[in-house]
Each structure stands twice: as structure tokens, then as C-alpha cells.
There are 2 protein chains.
Amino acid sequence: MFDQSTICAISTSPGQGAIAVIRLSGEKAIDIADTVFKSPAKGKVLKAQPANTLHFGELIYNNEVVDEVVAALFKAPHSFTGEDIVEISCHGSVYIQQRILEILIEKGARMAKPGEFTQRAFLNGKMDLSQAEAVADVIASSNAAAHRLALNQMRGGFSKEVKNLRSQLLHFTAMIELELDFGEEDVEFADRTELRTLTEKIEALLRKLKNSFQLGNAIKNGIPVTIVGETNVGKSTLLNALLNEDKAIVSEIHGTTRDVIEDVVNIRGTAFRFFDTAGIRETTDHLESLGIERAYNKLEQATVVLLVVDTQNPYSTVFGRIEKIRKRINNQLLIIVANKIDSGKKETIDRLGALTLNENERLVFVAAKDKVNLDELNNTMAHAVNLDEASQEDIIVTNARHYEILKNAHKAIERVLSGLDSGITGDFLAQDTRECLHYLGEITGEITTHEVLGHIFKNFCIGK
Amino acid sequence: MFDQSTICAISTSPGQGAIAVIRLSGEKAIDIADTVFKSPAKGKVLKAQPANTLHFGELIYNNEVVDEVVAALFKAPHSFTGEDIVEISCHGSVYIQQRILEILIEKGARMAKPGEFTQRAFLNGKMDLSQAEAVADVIASSNAAAHRLALNQMRGGFSKEVKNLRSQLLHFTAMIELELDFGEEDVEFADRTELRTLTEKIEALLRKLKNSFQLGNAIKNGIPVTIVGETNVGKSTLLNALLNEDKAIVSEIHGTTRDVIEDVVNIRGTAFRFFDTAGIRETTDHLESLGIERAYNKLEQATVVLLVVDTQNPYSTVFGRIEKIRKRINNQLLIIVANKIDSGKKETIDRLGALTLNENERLVFVAAKDKVNLDELNNTMAHAVNLDEASQEDIIVTNARHYEILKNAHKAIERVLSGLDSGITGDFLAQDTRECLHYLGEITGEITTHEVLGHIFKNFCIGK
């Protein structure tokens, strides 16, 4: 079926740690481990030990003690990969990790490819494809909501939903195909009204899943936020305060196509991705330094717009600015950040406080420089887009591959619907439903190709 | 005796990996793990499981599955710390590592201090102090020789030597003190000639250990190398080639007192530390740009001097340069790197090839730019200072604390020797030997203070 050689890799984070774990999986995993593992108990070999046990010993090579290690023994099929696994815990120097890996390779293992352990778990039937894909998401998730979605998917929640859809479709298809068998007799086993109800239900489910991707993607990659405002209102100060406020800055995403740095910050368990923050931090007249077109473009890409205004300015100026931005807002959340309240004009502050806000608008008074009220701003942002709660509710699509497949499946089911409307023949209906079935099978991996597998697992880290 | 609360920490390298290991040690380790661990086998608790076993399950918090984990169970006293230990293998996202740590702390564990697991191993008598210190060195070691020395020390090789010395000294002291008991009878239980022989033996051993530190330090931190040569002979090209040649660049050591970057490279398993390489890489007339005094100072600090000469120059120029440097060489190894052989003068190359070399000199022809013969240069460097072999031979001191103690112990034993020469009384002799005994006890931790322990373990990483 597939390459069954014994594979090995460092499974813990690269670099120096107190300990590191080197994973060995395959038919010869235990044999290979036994060639280098020496227990203090004379004559004890791993091969003879029961599954799920731990063994202290020396890792020996050419009669020299390479390290003192603990070997953890898992036996097929009750292991992550479904194969025999030995996990060697060694001291965490980079040198020793590499050395042990070299020795295991010399003894007959080969270096695992990215995601190969998980791929084997899939190929050995330990999990379906969407679960296997979720393993990478679990490892990469950087906040509660993203973690919850990925873990749910890894544990089969999403597969269950897809399989459920698929079985309904299968029922539907069976009925139509039964008609085809009796084609010349012109019977209708499948009551067209029932069929229509079922198709509509499936279409609604597919649409819901497809549409959940926007949310899923925001949860997984962070909610896009852009900061706008006139020169010197304190945009860069606010950004730095937000980034420093919460120490859990997740990462700097270096844009590959544009020369942009995006900062991701966890606020109350939700990731927010600040657009084009390099520009804001480098210059205080950021928006102005960009072409107006590009600035508004950024606004459209955002889910949350932070409009910073300076309460030191007259109310008319501030209000003019707000009105200008309001015209550009579609369904984004607009948070008006009224800055410098410690030194602002009383009239401006009072009148801002009395401003009538739309449903998608919020107003927060802050003094960004002294970090006054930043907590309230954080709460406002987190509450307004409560992904943490959203992630608990439903099955949400986070995977771009699934999204593409769902779009195709949805198109197919829409063709079924319009076919029912126009009264096309059963064989055309069956063709569209079969296509839809095929797509859904690609999600769970019931239908798959080497190419698809290769593409999925190449983005995994090595060691998983 | 000591704080026995249950401690926890992430023991694998910080950052994202396929898996991460969170270690929990102390009386309540298993109880705490049981509050959050749920096995798929109904009613199964870790508490009831045998030692050295592995258990798959869910980590549950507030009725929510936080992650799927494997719990490894070790029971006191047969564990690294000598206490009950649970090691939780979780998915390696930074988020989940932090989350599980938070949960364990909420459930009653506290965050471990740096080195606290190892400190407990020492306090629980699982290892002596010099062994515990070696754990940090094992983790930090970046090449075969340093690793071997650290592992040997961790496994008690060094302690054995020190304990052996100490027991000889104890015998010596006992004999002298026996005399003191019979002081007024003017007997000499301890034959002065025998005593002298024993003292000389001990002095020689202490001296040898003390002197081994230079080698030990070179093995641990890298052999200091400096590159010298006239303008435009290709020093920076050579350095870059050496640094890139072997991908295993270990680290850049940022000097704290001077604004210097030192590069450490593993060559054939031995670490070489290149001095002041920033300067070389920034300017091609490095040596010239420094004051002559400073340049020669660097030369003295080095163990290996790479003198780069340009074979495009007339032999007289090249030879003049070699002679100038030779005068400054004491016991360093001088490697003359004859560069640009692809375009060099035939006469220069021929006459260089016929040059008579001293014992501490080597000559290698290279073309650094095209990386010609760099392998030979690497071999020459590695062979000339064969630390890999040296590290296999003897007990070598690598620890600065041990070195300081050994210096003091050696001074004390020298006082004993001169006391024997001048025929001082037994009580003075006994005082000096007692002092020496005290020092040696500080190495193994038989004699120690909280302050010393605090100082030793504060430099450990958290999680070990």
C-alpha cells in the first residue's frame, strides 16, 4: 500500500530544552531501538516489554554511552500512527538530538517527511483526512477559539457533520438511481416534494458550512483590524500600547507579496491581526502617507476599524472625520477611539459622549500614551466579535481546502435544485448528486489521491 | 528540609513543536494530574496505575476537552527527582502548552524555578552536586567532546575522582590527628616519608585536575582562534567560508564587556570560537584598523592563530609577514593559510611549500573564495587540537566553580607540603588538610550552603 519503512524525527520544538523527544514509528521501531538501548536490568530488551510502558536506560553507540534516556513504548495498532512507536526522551541539547537521530538512521530508520506520522495515522485508519489535517491546526493554533475548533475537528466533530450530510445525499441518490433502474416503467420512487425538501435541507447545510469559513478563517488567522485617523491623533501610540498591553503577541506575519508586517495579538482569547502595522509604527502620518485609494482598500479588508480621533481638536473637526469614515464602512465594526482624554477639550468629549451610534459602532475614550482605558477598548473589541463563544456553538470550517470543496459541493447541489425546478430527468440529477458525494468524500479522505495527500502533509512540521 | 510543593514546567524547548512535554513533580503530582486527566477507560485513575506506564486520555478543564494527551507516570523514589512525576505529552502549540501549565497551577502545582527538578534530584540524594551541575552542561553541550565530558561528569566520573582524592586525604588527616591525641608522648604514627609521598601524590592529582580546566574550558566553550593577515589577503573571505562550510554554526556569543561578536563553529566535532569576527567581516583591513597592541593582544588570547597570506605576493613579502608573526607566537598553534593558490605566484607557492615548519606550525594552501582545500584546513585545525580524543582520556575539569575550589584545595595542599619541609607541628598540618577536605566536599555537595545551591541552579533552564 504505502512506504512502510520505519521513520524517525525530533517531535519536540527545535532548539535546546531540558528534554527532547525523538519519535520512531514503523515495523522495525522497537528492533531499531533495541540495537542502541541498554537497560540497567541485565538482558532486558524493549521487544519483550508490554505496550504503554516506560524504560530508563542508556543509549549506546559503538560501546560508548551517548546519553541517558527514557524509552516510551507503544505497540500497533494502539498508537498514534497505528504502528509500533518508540519515543526516546533524551537530554535536550541540539547536539544530542541530532546525534541520536543520526544513530537511529544508521541503524535502519529513515528521516520522517513533514507530517508523515500523521499521514500514517490516516493511512492506517486511525483518523480520517479532515481529522489528520486538524492535527496541524491544533499545533499551530495560537488562541482559545482556534484551538477549540481545531481540536473539535481533530476529534471528528467536523467529519461527523460531513458524513451526516453525505449519508443524506446517498439516500437521495439511491432513490433517484432506483428510479433509473426502472427507467422505462416511468415510476417515481422518490417523491419529488420529499426530494425537494431534502435537497433544500442539504443545500442549506452546505451553504452554512461554506459561509462559516469567513468566521473560521478569522478565528484561525486572526480578525483583521485596521487603524485609521488623521496625522498626530496617536495611532502609532495606540498600536504600540495595544501590542504591549497583552504580552501574548503571537507572531509577526511577514507578508510575502507585499512588504508589510502584520502583528497578531491575543485579546481576551481572540486573535486580532493588525494590518500594515509597520507603516503605522514608522510614521505618524500613516494614512496620509498612503494614497487615499490604498487606505480605503485597507479599510475594506478589515473586520474591525479603529478610527482614532483627537479630543484636543474641536468637535466639528472630529465629527467631520467620523462622518467621512462612516461613509466608507459597510458591515465592518467601527470603533471610534477618542484619544488624549487627559488633555482633551471638554466640549469635544461631552459631545462625543452624546453621539448617536449605529448598531455596528462603538465609542471608547482612551489616553493611549498613559494606557488609560485600554482595558475597556480590549473588552469592546473582544465582545464585539465574540469568536470564543462563536467557536463553541457550531461546526465551523477553518480549512481552505475544505472551503474550496464545499463551494464545489454547494454548486452541485444548487444544480440539483434547479434541475428539480425544471423537471430534468433522474440521470442528470444523479450525476450532480454523485458529484456532490465525491466532493464530500474528498474532505474525509474516502476519496483521495497521492497528489492531494502530498499537498496536505507537506505543510506539516516534521515530527508530527 | 526543603520546599516540597509540587512543581511543574514545560520541559521541552520553548516554541511550537509537534509535541511538548509538561513535567509535574512532587507529592501531589499524580493527584493533581488526576483532577484534569480523563482516561477513555471508565473509572481509570492515574493514582491506581503502576509506575513507568503510559496512559492516553483527555485533559479536561471545566468539562471542556483542552487537549488529547499521553501521561507518563514515574513513582518515587524511582524517578529523576526521586519524587512522583507525571509527564504530560500534549500537542505542541504554544497556546496549549501555556494553557495546560495554567490549569496545573490552578489545580495546586506551582511553577518550577530554573533547575528545580535537578535541585530536587540532588536534595533527594539521586545525584551529588557535581553530577547535578553536569546536567546543565549536558543540555548546553554543542559538540561531541563537550557532551562526552558533561555526560561523564553527570554519570559520576568526576565525583569518583574527587571522592577518591578526598578519601586519601582523610586517611592522611586521620594519621596526623592520631598523633595529636598522643601529642605529649611525641609519637609519630604517620611516617613522615610516607606522608610526604602521599601528599606529593595528592598535590600532583590536584594540580593535574586544576590544570585540566584550560582544556576543559576550551572543550566546553570552544577553542579560541584568531585570524590575522595583511590587508586584502582574504581574511574575511576565509572566515565566511569557514563559517558557512560547516552548517553547524553553534551560536553567536555577544560579548558583554566589549562590542564583539564571536562565532562558534563545530569542525569535526570540536568547537572553535573565532575572536572578534565582526571586525573581520566588516572591514578587509582588520588587523591594520586596530592598534598594533590590541592586535597582538588578541593573538595571545588565542589557542590557534590563522595567519592568512596572499600567494599573489612575492615570497619575500609573505615570508617577512610569517617571521613577524612567528616572533609573537608563544605556545599557540600557528596555521599559515596560503590563500589564492588559483592565481598565486608559482615561486611564492613553491618556496612556501619548502618552508621549514616548527612543531607548532602547519601550512595549508587554499583558495578561500572558491572554497578550495577548506576541508584540509578544517582537518588540520581539528587534528592539531584533538579535543575529541583528549576528552576520552581523563577526568577533565570544565566547571569554573570546581576550578576555583581546586585552586584553593591545591594551595592548601601546597602549604601541607611546605609544612612537611619545614617540619611544622601536626596541628598545623591537620588544619591545612582539613581545609583541603572542606573544599573537595564543596564540589560534590557534601558541604554546601543555600547560597551556593541558589547560585548553581539559577543558571539552569526552567523545566530541568
# chains A, B, ... in the order shown; residues from 1 in each chain; ligands from 1
>>> closest_atom_pairs(of="chain A", to="chain B", cutoff="8 Å", atoms="only C-alpha atoms", output="CSV")
residue,atom,partner,partner_atom,distance
A:Ser11,CA,B:Ala18,CA,5.2
A:Thr12,CA,B:Gly17,CA,4.8
A:Ser13,CA,B:Gly17,CA,3.8
A:Pro14,CA,B:Ser13,CA,6.6
A:Gly15,CA,B:Ser13,CA,5.9
A:Gln16,CA,B:Ser13,CA,5.4
A:Gly17,CA,B:Ser13,CA,3.8
A:Ala18,CA,B:Lys464,CA,4.9
A:Ile19,CA,B:Thr12,CA,5.2
A:Ala20,CA,B:Thr12,CA,5.6
A:Asn52,CA,B:Leu54,CA,4.7
A:Thr53,CA,B:Thr53,CA,4.3
A:Leu54,CA,B:Asn52,CA,4.7
A:His55,CA,B:Asn52,CA,7.0
A:Val66,CA,B:Arg148,CA,7.7
A:Asp67,CA,B:Leu151,CA,7.1
A:Ala72,CA,B:Leu54,CA,7.5
A:His91,CA,B:Ile139,CA,5.8
A:Gly92,CA,B:Ile139,CA,5.3
A:Ser93,CA,B:Ile139,CA,4.3
A:Val94,CA,B:Ser142,CA,6.7
A:Tyr95,CA,B:Ser142,CA,5.1
A:Ile96,CA,B:His147,CA,7.8
A:Val138,CA,B:Ser93,CA,6.9
A:Ile139,CA,B:Ser93,CA,4.3
A:Ala140,CA,B:Ser93,CA,5.6
A:Ser141,CA,B:Ser93,CA,6.2
A:Ser142,CA,B:Tyr95,CA,5.1
A:Asn143,CA,B:Tyr95,CA,6.0
A:Ala144,CA,B:Tyr95,CA,7.6
A:His147,CA,B:Ile96,CA,7.8
A:Arg148,CA,B:Val66,CA,7.7
A:Leu151,CA,B:Asp67,CA,7.0
A:Cys461,CA,B:Ala18,CA,6.8
A:Ile462,CA,B:Ala18,CA,7.5
A:Gly463,CA,B:Ala18,CA,5.8
A:Lys464,CA,B:Ala18,CA,4.9
>>> select_by_dssp(residues="region 184-249 of chain B", states="helix (DSSP H, G or I)", output="ChimeraX atom specification")
/B:184-185,192-221,235-245
>>> select_by_dssp(residues="region 9-119 of chain B", states="strand (DSSP E or B)", output="ChimeraX atom specification")
/B:9-10,19-25,37-38,53-61,64-74,85-91,110-111
>>> write_last_selection(atoms="C-alpha atoms", output="PDB file, in the first residue's frame")
ATOM      1  CA  ALA B   9       7.163  23.344  33.953  1.00  0.00           C
ATOM      2  CA  ILE B  10       7.405  22.883  30.231  1.00  0.00           C
ATOM      3  CA  ILE B  19       4.515  17.625  20.782  1.00  0.00           C
ATOM      4  CA  ALA B  20       5.597  19.227  24.048  1.00  0.00           C
ATOM      5  CA  VAL B  21       6.190  17.701  27.463  1.00  0.00           C
ATOM      6  CA  ILE B  22       4.999  19.300  30.676  1.00  0.00           C
ATOM      7  CA  ARG B  23       6.599  17.871  33.788  1.00  0.00           C
ATOM      8  CA  LEU B  24       4.929  17.696  37.195  1.00  0.00           C
ATOM      9  CA  SER B  25       6.949  16.569  40.226  1.00  0.00           C
ATOM     10  CA  PHE B  37      -6.815  13.700  33.239  1.00  0.00           C
ATOM     11  CA  LYS B  38      -9.640  11.545  31.937  1.00  0.00           C
ATOM     12  CA  THR B  53       3.403   3.320  32.444  1.00  0.00           C
ATOM     13  CA  LEU B  54       1.867   5.439  29.696  1.00  0.00           C
ATOM     14  CA  HIS B  55      -1.760   6.485  29.542  1.00  0.00           C
ATOM     15  CA  PHE B  56      -3.684   8.061  26.691  1.00  0.00           C
ATOM     16  CA  GLY B  57      -6.523  10.349  27.677  1.00  0.00           C
ATOM     17  CA  GLU B  58      -8.143  13.746  27.603  1.00  0.00           C
ATOM     18  CA  LEU B  59      -7.052  16.750  29.563  1.00  0.00           C
ATOM     19  CA  ILE B  60     -10.304  18.169  30.887  1.00  0.00           C
ATOM     20  CA  TYR B  61     -10.942  21.575  32.426  1.00  0.00           C
ATOM     21  CA  GLU B  64     -14.193  21.008  28.241  1.00  0.00           C
ATOM     22  CA  VAL B  65     -11.583  18.889  26.492  1.00  0.00           C
ATOM     23  CA  VAL B  66      -8.448  21.014  26.473  1.00  0.00           C
ATOM     24  CA  ASP B  67      -6.288  18.517  24.592  1.00  0.00           C
ATOM     25  CA  GLU B  68      -5.676  14.854  23.947  1.00  0.00           C
ATOM     26  CA  VAL B  69      -2.560  13.864  25.855  1.00  0.00           C
ATOM     27  CA  VAL B  70      -0.371  10.991  26.952  1.00  0.00           C
ATOM     28  CA  ALA B  71       0.516  10.878  30.659  1.00  0.00           C
ATOM     29  CA  ALA B  72       3.771   9.168  31.632  1.00  0.00           C
ATOM     30  CA  LEU B  73       3.851   8.005  35.234  1.00  0.00           C
ATOM     31  CA  PHE B  74       7.007   7.704  37.357  1.00  0.00           C
ATOM     32  CA  ILE B  85       6.472  12.559  38.421  1.00  0.00           C
ATOM     33  CA  VAL B  86       3.801  12.853  35.751  1.00  0.00           C
ATOM     34  CA  GLU B  87       4.993  13.941  32.323  1.00  0.00           C
ATOM     35  CA  ILE B  88       2.171  15.136  30.119  1.00  0.00           C
ATOM     36  CA  SER B  89       2.789  14.951  26.369  1.00  0.00           C
ATOM     37  CA  CYS B  90       0.449  17.384  24.666  1.00  0.00           C
ATOM     38  CA  HIS B  91       0.137  18.883  21.214  1.00  0.00           C
ATOM     39  CA  ARG B 110       3.459  25.853  41.271  1.00  0.00           C
ATOM     40  CA  MET B 111       5.787  26.951  38.505  1.00  0.00           C
TER      41      MET B 111
END
>>> residues_around(residues="Leu355 (chain A)", least_positions_apart="6", cutoff="12 Å", atoms="only C-alpha atoms", output="MDAnalysis selection string")
chainID A and resid 315 318:319 322:323 336 338 348:349 361:364
